[in-house]
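The file final.pdb contains PDB, C-alpha atoms, pLDDT in the B column:
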```pdb
ATOM      1  CA  MET A   1      18.552 -14.071  13.342  1.00 80.00           C
ATOM      2  CA  ASN A   2      18.233 -14.451   9.565  1.00 91.00           C
ATOM      3  CA  ARG A   3      20.720 -13.412   6.933  1.00 95.00           C
ATOM      4  CA  ALA A   4      19.598 -11.738   3.721  1.00 97.00           C
ATOM      5  CA  VAL A   5      20.662 -10.785   0.239  1.00 98.00           C
ATOM      6  CA  PHE A   6      19.482  -7.230  -0.452  1.00 98.00           C
ATOM      7  CA  LEU A   7      18.949  -6.356  -4.115  1.00 98.00           C
ATOM      8  CA  ASP A   8      18.617  -3.017  -5.815  1.00 96.00           C
ATOM      9  CA  ARG A   9      16.078  -3.126  -8.658  1.00 94.00           C
ATOM     10  CA  ASP A  10      16.910  -0.923 -11.661  1.00 91.00           C
ATOM     11  CA  GLY A  11      20.258  -1.914 -13.160  1.00 91.00           C
ATOM     12  CA  VAL A  12      20.490  -5.129 -11.139  1.00 95.00           C
ATOM     13  CA  ILE A  13      17.218  -6.972 -11.768  1.00 96.00           C
ATOM     14  CA  ASN A  14      15.961  -5.043 -14.786  1.00 93.00           C
ATOM     15  CA  GLU A  15      17.373  -2.783 -17.456  1.00 90.00           C
ATOM     16  CA  CYS A  16      17.738   0.849 -16.465  1.00 81.00           C
ATOM     17  CA  ALA A  17      15.594   3.368 -18.236  1.00 64.00           C
ATOM     18  CA  LEU A  18      17.369   6.067 -20.177  1.00 58.00           C
ATOM     19  CA  PRO A  19      18.915   8.786 -18.021  1.00 54.00           C
ATOM     20  CA  HIS A  20      16.272  10.976 -16.362  1.00 54.00           C
ATOM     21  CA  GLN A  21      13.536   8.462 -17.239  1.00 65.00           C
ATOM     22  CA  TYR A  22      11.847   5.877 -15.020  1.00 74.00           C
ATOM     23  CA  VAL A  23      10.476   2.354 -15.322  1.00 79.00           C
ATOM     24  CA  THR A  24       6.845   3.011 -14.404  1.00 77.00           C
ATOM     25  CA  THR A  25       4.921   0.376 -16.392  1.00 82.00           C
ATOM     26  CA  VAL A  26       5.108  -3.353 -16.985  1.00 87.00           C
ATOM     27  CA  GLU A  27       5.684  -2.618 -20.685  1.00 88.00           C
ATOM     28  CA  GLN A  28       8.866  -0.711 -19.818  1.00 86.00           C
ATOM     29  CA  PHE A  29      10.172  -3.440 -17.493  1.00 91.00           C
ATOM     30  CA  ARG A  30      12.766  -5.791 -18.985  1.00 93.00           C
ATOM     31  CA  PHE A  31      14.622  -8.339 -16.884  1.00 96.00           C
ATOM     32  CA  LEU A  32      18.361  -8.297 -17.472  1.00 95.00           C
ATOM     33  CA  PRO A  33      19.755 -11.455 -19.115  1.00 95.00           C
ATOM     34  CA  GLY A  34      20.144 -14.348 -16.691  1.00 97.00           C
ATOM     35  CA  VAL A  35      18.393 -12.640 -13.764  1.00 98.00           C
ATOM     36  CA  LEU A  36      15.432 -15.008 -13.445  1.00 98.00           C
ATOM     37  CA  ASP A  37      17.672 -18.072 -13.605  1.00 98.00           C
ATOM     38  CA  ALA A  38      20.056 -16.509 -11.084  1.00 98.00           C
ATOM     39  CA  LEU A  39      17.264 -15.774  -8.607  1.00 98.00           C
ATOM     40  CA  ALA A  40      15.919 -19.318  -8.985  1.00 98.00           C
ATOM     41  CA  PHE A  41      19.418 -20.639  -8.316  1.00 97.00           C
ATOM     42  CA  LEU A  42      19.691 -18.390  -5.250  1.00 97.00           C
ATOM     43  CA  ALA A  43      16.337 -19.611  -3.922  1.00 96.00           C
ATOM     44  CA  GLY A  44      17.434 -23.220  -4.122  1.00 95.00           C
ATOM     45  CA  ASN A  45      20.908 -22.750  -2.693  1.00 95.00           C
ATOM     46  CA  TYR A  46      20.794 -19.933  -0.134  1.00 94.00           C
ATOM     47  CA  THR A  47      19.282 -20.317   3.326  1.00 91.00           C
ATOM     48  CA  GLY A  48      18.811 -16.603   3.999  1.00 95.00           C
ATOM     49  CA  GLN A  49      16.109 -14.187   2.835  1.00 96.00           C
ATOM     50  CA  VAL A  50      15.887 -12.195  -0.404  1.00 97.00           C
ATOM     51  CA  VAL A  51      14.840  -8.543  -0.083  1.00 97.00           C
ATOM     52  CA  ILE A  52      14.514  -5.847  -2.755  1.00 96.00           C
ATOM     53  CA  VAL A  53      15.226  -2.231  -1.725  1.00 96.00           C
ATOM     54  CA  SER A  54      14.556   0.436  -4.342  1.00 92.00           C
ATOM     55  CA  ASN A  55      14.599   4.226  -4.630  1.00 90.00           C
ATOM     56  CA  GLN A  56      11.673   5.386  -6.783  1.00 83.00           C
ATOM     57  CA  ALA A  57      11.868   9.185  -6.867  1.00 59.00           C
ATOM     58  CA  PHE A  58       9.316   9.495  -9.667  1.00 54.00           C
ATOM     59  CA  ILE A  59       6.624   8.919  -7.025  1.00 53.00           C
ATOM     60  CA  GLY A  60       7.822  11.887  -4.981  1.00 43.00           C
ATOM     61  CA  LYS A  61       7.966  13.951  -8.160  1.00 44.00           C
ATOM     62  CA  GLY A  62       4.236  13.365  -8.661  1.00 48.00           C
ATOM     63  CA  LEU A  63       4.640  11.224 -11.790  1.00 50.00           C
ATOM     64  CA  MET A  64       2.642   8.375 -10.242  1.00 51.00           C
ATOM     65  CA  SER A  65       0.066   8.268  -7.469  1.00 46.00           C
ATOM     66  CA  THR A  66       0.896   6.149  -4.433  1.00 44.00           C
ATOM     67  CA  SER A  67      -2.824   5.719  -3.734  1.00 40.00           C
ATOM     68  CA  ASP A  68      -3.318   4.098  -7.143  1.00 41.00           C
ATOM     69  CA  ASN A  69      -0.253   1.865  -6.984  1.00 43.00           C
ATOM     70  CA  SER A  70       0.819   1.739  -3.320  1.00 40.00           C
ATOM     71  CA  PRO A  71       3.570   2.503  -4.560  1.00 40.00           C
ATOM     72  CA  ASN A  72       4.241   1.512  -8.164  1.00 50.00           C
ATOM     73  CA  GLY A  73       2.586  -1.687  -7.048  1.00 68.00           C
ATOM     74  CA  ILE A  74       1.530  -3.012 -10.427  1.00 80.00           C
ATOM     75  CA  VAL A  75       5.127  -3.153 -11.642  1.00 84.00           C
ATOM     76  CA  PHE A  76       6.533  -4.541  -8.406  1.00 87.00           C
ATOM     77  CA  ASP A  77       3.809  -7.173  -8.049  1.00 89.00           C
ATOM     78  CA  TRP A  78       4.264  -8.218 -11.676  1.00 91.00           C
ATOM     79  CA  MET A  79       8.027  -8.423 -11.183  1.00 94.00           C
ATOM     80  CA  VAL A  80       7.724 -10.572  -8.059  1.00 94.00           C
ATOM     81  CA  GLY A  81       5.197 -12.802  -9.808  1.00 94.00           C
ATOM     82  CA  ARG A  82       7.595 -13.437 -12.661  1.00 97.00           C
ATOM     83  CA  ILE A  83      10.439 -14.188 -10.250  1.00 97.00           C
ATOM     84  CA  VAL A  84       8.301 -16.706  -8.364  1.00 97.00           C
ATOM     85  CA  GLU A  85       7.031 -18.326 -11.575  1.00 97.00           C
ATOM     86  CA  ALA A  86      10.671 -18.847 -12.587  1.00 98.00           C
ATOM     87  CA  GLY A  87      11.451 -20.608  -9.298  1.00 98.00           C
ATOM     88  CA  GLY A  88      12.800 -17.661  -7.315  1.00 98.00           C
ATOM     89  CA  ARG A  89      11.460 -16.022  -4.200  1.00 95.00           C
ATOM     90  CA  VAL A  90      11.197 -12.587  -2.636  1.00 96.00           C
ATOM     91  CA  ASP A  91      10.739 -12.216   1.116  1.00 95.00           C
ATOM     92  CA  GLY A  92      10.310  -8.454   1.150  1.00 94.00           C
ATOM     93  CA  VAL A  93      10.183  -5.369  -1.081  1.00 93.00           C
ATOM     94  CA  TYR A  94      10.864  -1.890   0.307  1.00 93.00           C
ATOM     95  CA  VAL A  95      10.501   1.331  -1.685  1.00 89.00           C
ATOM     96  CA  CYS A  96      11.465   4.917  -0.892  1.00 87.00           C
ATOM     97  CA  PRO A  97       9.242   7.265  -2.932  1.00 84.00           C
ATOM     98  CA  HIS A  98      11.061  10.479  -2.036  1.00 80.00           C
ATOM     99  CA  THR A  99      13.322  12.711  -4.118  1.00 76.00           C
ATOM    100  CA  PRO A 100      16.930  13.520  -3.144  1.00 71.00           C
ATOM    101  CA  GLU A 101      15.783  16.979  -2.090  1.00 75.00           C
ATOM    102  CA  ASP A 102      13.529  15.440   0.568  1.00 76.00           C
ATOM    103  CA  LYS A 103      16.602  14.148   2.424  1.00 82.00           C
ATOM    104  CA  CYS A 104      14.673  11.079   3.534  1.00 88.00           C
ATOM    105  CA  TRP A 105      16.370   8.666   5.961  1.00 91.00           C
ATOM    106  CA  CYS A 106      15.174   5.750   3.854  1.00 90.00           C
ATOM    107  CA  ARG A 107      16.401   6.885   0.452  1.00 92.00           C
ATOM    108  CA  LYS A 108      19.736   5.290  -0.439  1.00 94.00           C
ATOM    109  CA  PRO A 109      22.519   6.273   0.339  1.00 94.00           C
ATOM    110  CA  GLN A 110      20.779   6.442   3.720  1.00 95.00           C
ATOM    111  CA  PRO A 111      20.235   3.037   5.387  1.00 96.00           C
ATOM    112  CA  GLY A 112      16.567   3.338   6.355  1.00 95.00           C
ATOM    113  CA  MET A 113      15.113   0.657   4.062  1.00 95.00           C
ATOM    114  CA  LEU A 114      17.755  -1.855   5.129  1.00 97.00           C
ATOM    115  CA  VAL A 115      17.291  -1.081   8.812  1.00 96.00           C
ATOM    116  CA  GLN A 116      13.500  -1.322   8.544  1.00 94.00           C
ATOM    117  CA  ALA A 117      13.749  -4.656   6.744  1.00 95.00           C
ATOM    118  CA  SER A 118      16.078  -5.952   9.443  1.00 96.00           C
ATOM    119  CA  ARG A 119      13.467  -5.074  12.083  1.00 95.00           C
ATOM    120  CA  ASP A 120      10.529  -6.500  10.160  1.00 94.00           C
ATOM    121  CA  LEU A 121      12.222  -9.718   9.035  1.00 95.00           C
ATOM    122  CA  ASN A 122      14.649 -10.278  11.935  1.00 96.00           C
ATOM    123  CA  ILE A 123      17.710  -9.890   9.702  1.00 97.00           C
ATOM    124  CA  ASP A 124      21.282  -9.851  10.974  1.00 97.00           C
ATOM    125  CA  LEU A 125      22.764  -7.074   8.847  1.00 97.00           C
ATOM    126  CA  PRO A 126      26.489  -7.818   9.461  1.00 96.00           C
ATOM    127  CA  ARG A 127      25.914 -11.343   8.112  1.00 95.00           C
ATOM    128  CA  SER A 128      23.987 -10.068   5.091  1.00 97.00           C
ATOM    129  CA  THR A 129      24.909  -9.014   1.550  1.00 97.00           C
ATOM    130  CA  MET A 130      24.054  -6.068  -0.707  1.00 97.00           C
ATOM    131  CA  ILE A 131      24.000  -6.239  -4.519  1.00 98.00           C
ATOM    132  CA  GLY A 132      23.693  -2.872  -6.267  1.00 96.00           C
ATOM    133  CA  ASP A 133      24.894  -0.928  -9.278  1.00 92.00           C
ATOM    134  CA  MET A 134      25.465   2.515  -7.764  1.00 90.00           C
ATOM    135  CA  LEU A 135      27.637   4.106  -5.115  1.00 89.00           C
ATOM    136  CA  THR A 136      24.466   4.961  -3.179  1.00 92.00           C
ATOM    137  CA  ASP A 137      23.720   1.231  -2.822  1.00 94.00           C
ATOM    138  CA  MET A 138      27.172   0.643  -1.363  1.00 93.00           C
ATOM    139  CA  GLN A 139      26.914   3.625   0.978  1.00 93.00           C
ATOM    140  CA  ALA A 140      23.522   2.525   2.300  1.00 96.00           C
ATOM    141  CA  ALA A 141      24.900  -0.942   2.953  1.00 96.00           C
ATOM    142  CA  TRP A 142      27.980   0.381   4.778  1.00 94.00           C
ATOM    143  CA  ARG A 143      25.874   2.698   6.916  1.00 95.00           C
ATOM    144  CA  ALA A 144      23.553  -0.182   7.812  1.00 96.00           C
ATOM    145  CA  GLY A 145      26.520  -2.357   8.759  1.00 95.00           C
ATOM    146  CA  ILE A 146      26.044  -4.957   6.020  1.00 96.00           C
ATOM    147  CA  GLY A 147      28.985  -7.308   5.866  1.00 92.00           C
ATOM    148  CA  LYS A 148      29.524  -7.857   2.130  1.00 94.00           C
ATOM    149  CA  CYS A 149      28.750  -5.809  -0.996  1.00 95.00           C
ATOM    150  CA  TYR A 150      28.783  -6.545  -4.737  1.00 95.00           C
ATOM    151  CA  TRP A 151      28.811  -3.736  -7.309  1.00 93.00           C
ATOM    152  CA  VAL A 152      27.182  -4.777 -10.600  1.00 94.00           C
ATOM    153  CA  MET A 153      28.761  -2.894 -13.482  1.00 88.00           C
ATOM    154  CA  SER A 154      26.222  -0.731 -15.307  1.00 77.00           C
ATOM    155  CA  GLU A 155      26.179   1.217 -18.542  1.00 69.00           C
ATOM    156  CA  TYR A 156      24.699   4.272 -16.852  1.00 67.00           C
ATOM    157  CA  HIS A 157      26.534   4.094 -13.520  1.00 66.00           C
ATOM    158  CA  PRO A 158      30.228   3.327 -14.113  1.00 65.00           C
ATOM    159  CA  LEU A 159      32.500   2.648 -11.190  1.00 67.00           C
ATOM    160  CA  PRO A 160      34.206   5.873 -10.041  1.00 62.00           C
ATOM    161  CA  ASP A 161      37.988   5.627 -10.419  1.00 60.00           C
ATOM    162  CA  SER A 162      38.487   6.892  -6.884  1.00 57.00           C
ATOM    163  CA  TRP A 163      36.428   4.026  -5.471  1.00 54.00           C
ATOM    164  CA  HIS A 164      38.388   1.086  -6.858  1.00 52.00           C
ATOM    165  CA  GLY A 165      39.492  -1.300  -4.122  1.00 52.00           C
ATOM    166  CA  ARG A 166      36.938  -0.125  -1.574  1.00 60.00           C
ATOM    167  CA  ARG A 167      34.686  -2.394   0.485  1.00 74.00           C
ATOM    168  CA  TYR A 168      32.929  -4.214  -2.317  1.00 86.00           C
ATOM    169  CA  ARG A 169      33.608  -6.697  -5.078  1.00 90.00           C
ATOM    170  CA  VAL A 170      32.918  -5.674  -8.665  1.00 89.00           C
ATOM    171  CA  VAL A 171      30.882  -8.188 -10.704  1.00 93.00           C
ATOM    172  CA  GLU A 172      29.538  -8.180 -14.245  1.00 92.00           C
ATOM    173  CA  SER A 173      26.001  -9.266 -13.371  1.00 95.00           C
ATOM    174  CA  LEU A 174      23.580 -10.350 -10.678  1.00 97.00           C
ATOM    175  CA  ALA A 175      24.229 -13.933 -11.786  1.00 97.00           C
ATOM    176  CA  GLN A 176      27.946 -13.644 -11.014  1.00 97.00           C
ATOM    177  CA  ALA A 177      27.243 -12.196  -7.570  1.00 97.00           C
ATOM    178  CA  VAL A 178      24.717 -14.953  -6.831  1.00 98.00           C
ATOM    179  CA  HIS A 179      27.181 -17.678  -7.740  1.00 97.00           C
ATOM    180  CA  LEU A 180      29.803 -16.141  -5.452  1.00 96.00           C
ATOM    181  CA  ILE A 181      27.256 -15.929  -2.617  1.00 96.00           C
ATOM    182  CA  VAL A 182      26.171 -19.532  -3.097  1.00 96.00           C
ATOM    183  CA  GLU A 183      29.755 -20.747  -3.252  1.00 94.00           C
ATOM    184  CA  ALA A 184      30.453 -18.983   0.049  1.00 90.00           C
ATOM    185  CA  GLU A 185      27.299 -20.560   1.492  1.00 86.00           C
ATOM    186  CA  ARG A 186      28.398 -24.020   0.422  1.00 87.00           C
ATOM    187  CA  GLU A 187      31.858 -23.475   1.823  1.00 83.00           C
ATOM    188  CA  SER A 188      30.482 -22.416   5.206  1.00 75.00           C
ATOM    189  CA  LEU A 189      28.121 -25.409   5.357  1.00 69.00           C
ATOM    190  CA  ARG A 190      30.546 -27.988   3.991  1.00 69.00           C
ATOM    191  CA  GLY A 191      31.026 -30.760   6.491  1.00 54.00           C
ATOM    192  CA  SER A 192      28.095 -29.622   8.660  1.00 52.00           C
ATOM    193  CA  GLY A 193      25.684 -32.177   7.196  1.00 48.00           C
ATOM    194  CA  TYR A 194      23.214 -29.457   6.171  1.00 42.00           C
ATOM    195  CA  ARG A 195      21.614 -30.046   2.775  1.00 43.00           C
ATOM    196  CA  LEU A 196      20.710 -27.088   0.579  1.00 39.00           C
ATOM    197  CA  GLY A 197      17.505 -26.891  -1.430  1.00 39.00           C
ATOM    198  CA  GLY A 198      13.796 -27.227  -0.831  1.00 31.00           C
ATOM    199  CA  ILE A 199      13.050 -23.521  -0.421  1.00 29.00           C
ATOM    200  CA  ARG A 200      12.189 -22.518  -3.980  1.00 29.00           C
ATOM    201  CA  GLY A 201       9.165 -20.561  -5.064  1.00 31.00           C
ATOM    202  CA  VAL A 202       8.265 -18.975  -1.717  1.00 30.00           C
ATOM    203  CA  ASN A 203       6.564 -15.601  -1.852  1.00 34.00           C
ATOM    204  CA  HIS A 204       4.779 -13.905   1.043  1.00 33.00           C
ATOM    205  CA  ARG A 205       2.238 -12.293  -1.283  1.00 33.00           C
ATOM    206  CA  GLY A 206      -0.485 -12.432   1.355  1.00 29.00           C
ATOM    207  CA  ARG A 207       1.302 -10.059   3.712  1.00 32.00           C
ATOM    208  CA  ALA A 208      -0.320  -6.628   3.720  1.00 29.00           C
ATOM    209  CA  ALA A 209       1.753  -3.682   2.564  1.00 32.00           C
ATOM    210  CA  SER A 210       2.516  -0.993   5.093  1.00 33.00           C
ATOM    211  CA  THR A 211       0.765   2.363   4.770  1.00 30.00           C
ATOM    212  CA  ALA A 212       3.743   4.184   6.269  1.00 38.00           C
ATOM    213  CA  SER A 213       4.990   7.026   4.102  1.00 53.00           C
ATOM    214  CA  CYS A 214       8.556   5.689   3.994  1.00 67.00           C
ATOM    215  CA  PRO A 215       9.820   3.149   3.498  1.00 69.00           C
ATOM    216  CA  GLN A 216       6.816   1.680   1.770  1.00 67.00           C
ATOM    217  CA  ARG A 217       6.699  -2.071   2.092  1.00 66.00           C
ATOM    218  CA  ARG A 218       5.289  -4.143  -0.755  1.00 57.00           C
ATOM    219  CA  LEU A 219       5.602  -7.617   0.818  1.00 61.00           C
TER     220      LEU A 219
END
```
As C-alpha cells, what does this structure read like?
Amino acid sequence: MNRAVFLDRDGVINECALPHQYVTTVEQFRFLPGVLDALAFLAGNYTGQVVIVSNQAFIGKGLMSTSDNSPNGIVFDWMVGRIVEAGGRVDGVYVCPHTPEDKCWCRKPQPGMLVQASRDLNIDLPRSTMIGDMLTDMQAAWRAGIGKCYWVMSEYHPLPDSWHGRRYRVVESLAQAVHLIVEAERESLRGSGYRLGGIRGVNHRGRAASTASCPQRRL
C-alpha cells in the first residue's frame, strides 16, 4: 500500500481569508511564502502520494454552486496547475462542501475524506502524515489512524494551550514540515540503495471527478 502526505488547504497552502470569509476566487487565492518550492521539494524527495483534503462550508451555505464549479473547481484546478508548473504534484483533492450543522462524516474533524482517499488511492493511513493548521485537522487524522501529524502555526488558529504536547509536532510552515518529512524519508531509506527523485510534476488531471455529494473528489 502507498503512504501519503495529506494537506489542508487554507492556512497551509494559501493565506486564510479574514475570519468568516472564504477564498472563493482565483483573485483571492494567495500561496503562502515558500509553499510552491516546498511542494516541488516534496515531489522530488518523497515516494508517497500527496493529497489535499479541505472543508469548504461556503458551498453548503449556498455561496457557490457545486454544479457550476464541481465544487469550487476553478480555484482548485488553478491551484493544482500552479503547483504542477512549479514542479510539485497532487495525487488527489477531496472537498467536503457541508456546514458544521450538517454533521457530515467527511467534514473534518470527522475522518471521511481521509478514509475515502485511502480507499481510492490504496493509502496506508498509519504510515501516512497529516499537515494542518487547526485542531479539526489533527482530530480527523487521529480518527483516521494517521501515524504522524504536523500543526502549522496560523494567525487565525492559534494552538490551544491545553493541547500542547499532544500527538503532533508544531511547525512554523508547510516548508518546515516538508523538510522534516523528507529527512525522515531519507533516514528510512539510507543504506537501502533506493535513490530518491524522478517523480516531479505528476498530476492526474485526466481523472474524472466524482459526482458523490461528499466527499467531492477533484482529482
Practice problem: Point out the residue among A:Val23, A:Val152, A:Met130, A:Met138 with the least atom-to-atom distance to Gln56 of chain A, counting all atoms listed in the file. | Solution: A:Val23
Exercise. Counting all atoms listed in the file, select every polymer residue within 9 Å of (25.1, -8.9, 9.3) as defined in the file's coordinates, and provide the selection as a PyMOL selection string.
Key: chain A and resi 2-4+123-129+144-148
Quiz prompt | d(atom CA of Val115 of chain A, atom CA of Thr136 of chain A) in Å | solution = 15.2 Å
Practice problem: Find the distance between atom CA of Trp142 of chain A and atom CA of Met113 of chain A and write it in Å to one decimal. | Solution: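 Atom-to-atom, atom CA of Trp142 of chain A to atom CA of Met113 of chain A, that is 12.9 Å.
Of note, atom CA of Gln28 of chain A and atom CA of Asp77 of chain A are spaced 14.3 Å apart.
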Quiz prompt | 10 Å contact set for Val53 of chain A, only C-alpha atoms, chain neighbours under 6 positions out, as a PyMOL selection string | solution = chain A and resi 6-9+92-96+106-108+112-114+117+130+132+137+215-217
Go ahead and dump the residues you just picked, C-alpha atoms, as a compact mmCIF listing (two decimals), in the frame of the given file.
```txt
# COMPACT_ATOMS: atom_id res chain seq x y z
CA PHE A 6 19.48 -7.23 -0.45
CA LEU A 7 18.95 -6.36 -4.12
CA ASP A 8 18.62 -3.02 -5.82
CA ARG A 9 16.08 -3.13 -8.66
CA GLY A 92 10.31 -8.45 1.15
CA VAL A 93 10.18 -5.37 -1.08
CA TYR A 94 10.86 -1.89 0.31
CA VAL A 95 10.50 1.33 -1.68
CA CYS A 96 11.46 4.92 -0.89
CA CYS A 106 15.17 5.75 3.85
CA ARG A 107 16.40 6.88 0.45
CA LYS A 108 19.74 5.29 -0.44
CA GLY A 112 16.57 3.34 6.36
CA MET A 113 15.11 0.66 4.06
CA LEU A 114 17.76 -1.86 5.13
CA ALA A 117 13.75 -4.66 6.74
CA MET A 130 24.05 -6.07 -0.71
CA GLY A 132 23.69 -2.87 -6.27
CA ASP A 137 23.72 1.23 -2.82
CA PRO A 215 9.82 3.15 3.50
CA GLN A 216 6.82 1.68 1.77
CA ARG A 217 6.70 -2.07 2.09
```
Quiz prompt | Nearest candidate to Val84 of chain A (options A:Ile52, A:Leu39, A:Cys104, A:Leu121; using only C-alpha atoms) | solution = A:Leu39
Self-check item: Residue among A:Asp10, A:Glu85, A:Glu187, A:Asp37 lying closest to Ile131 of chain A, counting all atoms listed in the file
Solution: A:Asp10
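Among the candidates A:Gly11, A:Asp102, A:Trp151, A:Gln116, the one nearest to Gln176 of chain A when counting all atoms listed in the file is A:Trp151.
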Practice problem: Quick one: everything within 7 Å of segment 177-180 of chain A, counting all atoms listed in the file, minus sequence neighbours fewer than 5 positions away in the same chain. Send it as number ranges by chain. | Solution: A: 38, 42, 150, 171
Quiz item: So which one's closest to Cys16 of chain A, A:Phe76, A:Asp133, A:Ala184, A:His98? Using all atoms listed in the file, please.
Solution: A:Asp133
Quiz item: Where does the PyMOL selection byres ((chain A and resi 25) around 10) land in this file, that is, which residues does it pick, as a PyMOL selection string?
Solution: chain A and resi 22-24+26-29+72-76+78
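Of the residues listed (A:Gln139, A:Gln49, A:Ser173, A:Asn14), A:Gln49 shows the shortest atom-to-atom separation from Asn122 of chain A; distances use all atoms listed in the file.
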